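Let me begin by presenting the structure, written as structure tokens, before commenting on it.
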Amino acid sequence: MSLGIYDYVDVLTKAADASYVRNECLAQNLANVDTPNYNRQDVDFEGALQRALLKNSYVSLDEKIDRIDLSDLDVRVYTEYSSLVYRLDGNNVDPDTEAADLARNQLVYQGLTDAISQSLKEIKSVCK
């Protein structure tokens, strides 16, 4: 088991990276709202984090974070090929949903960067 001083920061950083990529995907979806046959793209970091944490059951959250393989948290963009299409031209982007998701994701990103900053301040104060 490692010292673990940066374990939470590492996971928060992966989450912030995923949120940044998700922001790009959502913005791309909005930019292509009028593109025929465009299929929306997204990122599922929360699912990847849940699967990574479930690999170590019956241990505390601290131990799960300590044992997590950060490569399991690498962000993957997926394309949603859905039979649900909002328009006759085959585009499956709903601009209202995308805009709401974009606003929510921006709040998530801000919260994650604030948490990283706070964690680093705490580590710095302990090291003094």
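Residues in the structure tokens are named by chain (A, B, ... in the order shown) and by number from 1 within that chain; ligands are numbered from 1 in the order shown.
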Distance query Ser19 (chain A) at most 7 Å, only C-alpha atoms, self and fewer than 3 positions along chain excluded, as a list in words: Ala15, Ala16, Arg22, Asn23, Asn105 and Tyr109 of chain A
Can you spit out the residues from that selection as a compact mmCIF listing (two decimals), in the first residue's frame, using N, CA and C atoms?
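The resulting file, again_6.txt, is shown below:
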# COMPACT_ATOMS: atom_id res chain seq x y z
N ALA A 15 -10.93 12.93 -12.97
CA ALA A 15 -12.33 13.36 -13.11
C ALA A 15 -12.40 14.73 -13.80
N ALA A 16 -11.50 15.63 -13.43
CA ALA A 16 -11.48 16.96 -14.07
C ALA A 16 -11.11 16.83 -15.55
N ARG A 22 -15.61 16.00 -21.70
CA ARG A 22 -17.06 15.98 -21.85
C ARG A 22 -17.56 17.35 -22.30
N ASN A 23 -16.97 18.40 -21.77
CA ASN A 23 -17.34 19.76 -22.18
C ASN A 23 -17.12 19.94 -23.69
N ASN A 105 -22.18 20.33 -16.51
CA ASN A 105 -20.80 19.86 -16.58
C ASN A 105 -19.81 20.96 -16.21
N TYR A 109 -17.01 20.66 -13.35
CA TYR A 109 -15.59 20.95 -13.58
C TYR A 109 -15.07 21.96 -12.55
Give me, as a ChimeraX atom specification, all polymer residues having an atom no more than 12 Å from Ile5 (chain A), counting only C-alpha atoms and skipping those fewer than 4 positions away in the same chain. /A:1,9-11,62,65-66,119-120,122-124,126-127
I need the chosen residues saved as a compact mmCIF listing (two decimals), in the first residue's frame, with all heavy atoms.
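Output file again-v5.txt is given in full below:
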# COMPACT_ATOMS: atom_id res chain seq x y z
N MET A 1 0.85 -1.17 0.00
CA MET A 1 0.00 0.00 0.00
C MET A 1 0.90 1.24 0.00
O MET A 1 1.89 1.30 0.71
CB MET A 1 -0.91 -0.01 1.23
CG MET A 1 -2.10 0.89 1.08
SD MET A 1 -3.26 0.80 2.46
CE MET A 1 -3.95 -0.81 2.24
N VAL A 9 -6.15 13.27 -5.00
CA VAL A 9 -5.84 14.31 -5.99
C VAL A 9 -5.73 13.69 -7.37
O VAL A 9 -6.23 14.25 -8.36
CB VAL A 9 -4.55 15.07 -5.61
CG1 VAL A 9 -4.14 16.04 -6.71
CG2 VAL A 9 -4.73 15.81 -4.30
N ASP A 10 -5.11 12.51 -7.45
CA ASP A 10 -4.98 11.82 -8.75
C ASP A 10 -6.35 11.48 -9.33
O ASP A 10 -6.59 11.67 -10.52
CB ASP A 10 -4.14 10.56 -8.60
CG ASP A 10 -2.68 10.84 -8.32
OD1 ASP A 10 -2.22 11.98 -8.58
OD2 ASP A 10 -1.99 9.93 -7.82
N VAL A 11 -7.24 10.97 -8.50
CA VAL A 11 -8.58 10.61 -8.97
C VAL A 11 -9.36 11.87 -9.34
O VAL A 11 -10.05 11.91 -10.37
CB VAL A 11 -9.33 9.77 -7.92
CG1 VAL A 11 -10.79 9.56 -8.32
CG2 VAL A 11 -8.64 8.42 -7.74
N ASP A 62 -10.95 4.78 1.33
CA ASP A 62 -9.54 5.15 1.25
C ASP A 62 -8.71 4.04 0.62
O ASP A 62 -7.85 4.29 -0.22
CB ASP A 62 -8.98 5.47 2.65
CG ASP A 62 -9.48 6.80 3.19
OD1 ASP A 62 -9.92 7.64 2.39
OD2 ASP A 62 -9.42 6.99 4.42
N ILE A 65 -9.46 3.85 -3.15
CA ILE A 65 -8.77 4.92 -3.88
C ILE A 65 -7.28 4.61 -3.97
O ILE A 65 -6.65 4.82 -5.00
CB ILE A 65 -9.01 6.29 -3.21
CG1 ILE A 65 -10.49 6.68 -3.28
CG2 ILE A 65 -8.13 7.36 -3.83
CD1 ILE A 65 -11.03 6.90 -4.68
N ASP A 66 -6.71 4.06 -2.89
CA ASP A 66 -5.29 3.71 -2.87
C ASP A 66 -4.99 2.61 -3.89
O ASP A 66 -3.95 2.64 -4.55
CB ASP A 66 -4.89 3.25 -1.47
CG ASP A 66 -3.42 2.90 -1.37
OD1 ASP A 66 -2.59 3.72 -1.80
OD2 ASP A 66 -3.10 1.80 -0.87
N SER A 119 -7.39 20.31 -1.79
CA SER A 119 -6.59 19.16 -1.36
C SER A 119 -5.10 19.48 -1.37
O SER A 119 -4.36 19.11 -0.46
CB SER A 119 -6.86 17.96 -2.27
OG SER A 119 -8.18 17.52 -2.13
N LEU A 120 -4.66 20.19 -2.40
CA LEU A 120 -3.24 20.56 -2.47
C LEU A 120 -2.87 21.55 -1.38
O LEU A 120 -1.76 21.49 -0.82
CB LEU A 120 -2.91 21.11 -3.86
CG LEU A 120 -2.98 20.08 -4.99
CD1 LEU A 120 -2.78 20.76 -6.34
CD2 LEU A 120 -1.97 18.97 -4.78
N GLU A 122 -4.25 21.62 1.59
CA GLU A 122 -4.18 20.83 2.81
C GLU A 122 -2.87 20.05 2.88
O GLU A 122 -2.25 19.96 3.95
CB GLU A 122 -5.36 19.88 2.88
CG GLU A 122 -6.69 20.59 3.14
CD GLU A 122 -7.89 19.68 3.01
OE1 GLU A 122 -7.72 18.45 2.80
OE2 GLU A 122 -9.02 20.19 3.11
N ILE A 123 -2.44 19.48 1.77
CA ILE A 123 -1.18 18.75 1.74
C ILE A 123 -0.02 19.70 2.05
O ILE A 123 0.88 19.38 2.83
CB ILE A 123 -0.98 18.05 0.38
CG1 ILE A 123 -2.00 16.92 0.21
CG2 ILE A 123 0.44 17.54 0.22
CD1 ILE A 123 -2.08 16.34 -1.18
N LYS A 124 -0.06 20.87 1.47
CA LYS A 124 0.99 21.87 1.69
C LYS A 124 1.05 22.28 3.15
O LYS A 124 2.13 22.39 3.74
CB LYS A 124 0.75 23.09 0.81
CG LYS A 124 1.82 24.14 0.90
CD LYS A 124 1.53 25.30 -0.02
CE LYS A 124 2.58 26.39 0.14
NZ LYS A 124 2.29 27.55 -0.70
N VAL A 126 0.16 20.55 5.76
CA VAL A 126 0.66 19.43 6.56
C VAL A 126 2.17 19.31 6.42
O VAL A 126 2.87 18.94 7.36
CB VAL A 126 -0.05 18.12 6.15
CG1 VAL A 126 0.64 16.91 6.76
CG2 VAL A 126 -1.50 18.15 6.55
N CYS A 127 2.69 19.63 5.24
CA CYS A 127 4.12 19.47 4.98
C CYS A 127 4.96 20.60 5.59
O CYS A 127 6.18 20.50 5.59
CB CYS A 127 4.37 19.41 3.48
SG CYS A 127 3.71 17.90 2.73
Would you list the contacts of region 31-46 of chain A as a ChimeraX atom specification, taking every protein, DNA or RNA residue within 8 Å and counting only C-alpha atoms, but skipping same-chain residues closer than 6 positions in sequence? /A:15,18-19,21-22,25,73,75-82,89-95
Please, what distance in Å, to one decimal, runs between CA of Gln28 (chain A) and CA of Leu84 (chain A)?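 It comes out at 19.1 Å.
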Quick one: of A:Val108, A:Ala99, A:Leu70, A:Ile116, who's nearest to Asn29 (chain A), counting only C-alpha atoms? A:Ala99
Strand (DSSP E) call set, DSSP backbone run, chain A, as a list in words: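 Matching residues for strand (DSSP E) in chain A are Gln41, Asp42, Val43, Val77, Tyr78 and Thr79 of chain A.
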Between CA of Glu63 (chain A) and CA of Gly4 (chain A), what is the distance in Å, rounded to a tenth?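 According to the coordinates, CA of Glu63 (chain A) and CA of Gly4 (chain A) are separated by 9.1 Å.
Comparing A:Asp72, A:Lys121, A:Leu26, A:Arg67 by their smallest distance to Gly47 (chain A), the closest is A:Asp72 (using only C-alpha atoms).
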Rank nothing, just name the residue among A:Leu30, A:Ala115, A:Val59, A:Val85 nearest to Thr13 (chain A), using only C-alpha atoms. A:Ala115
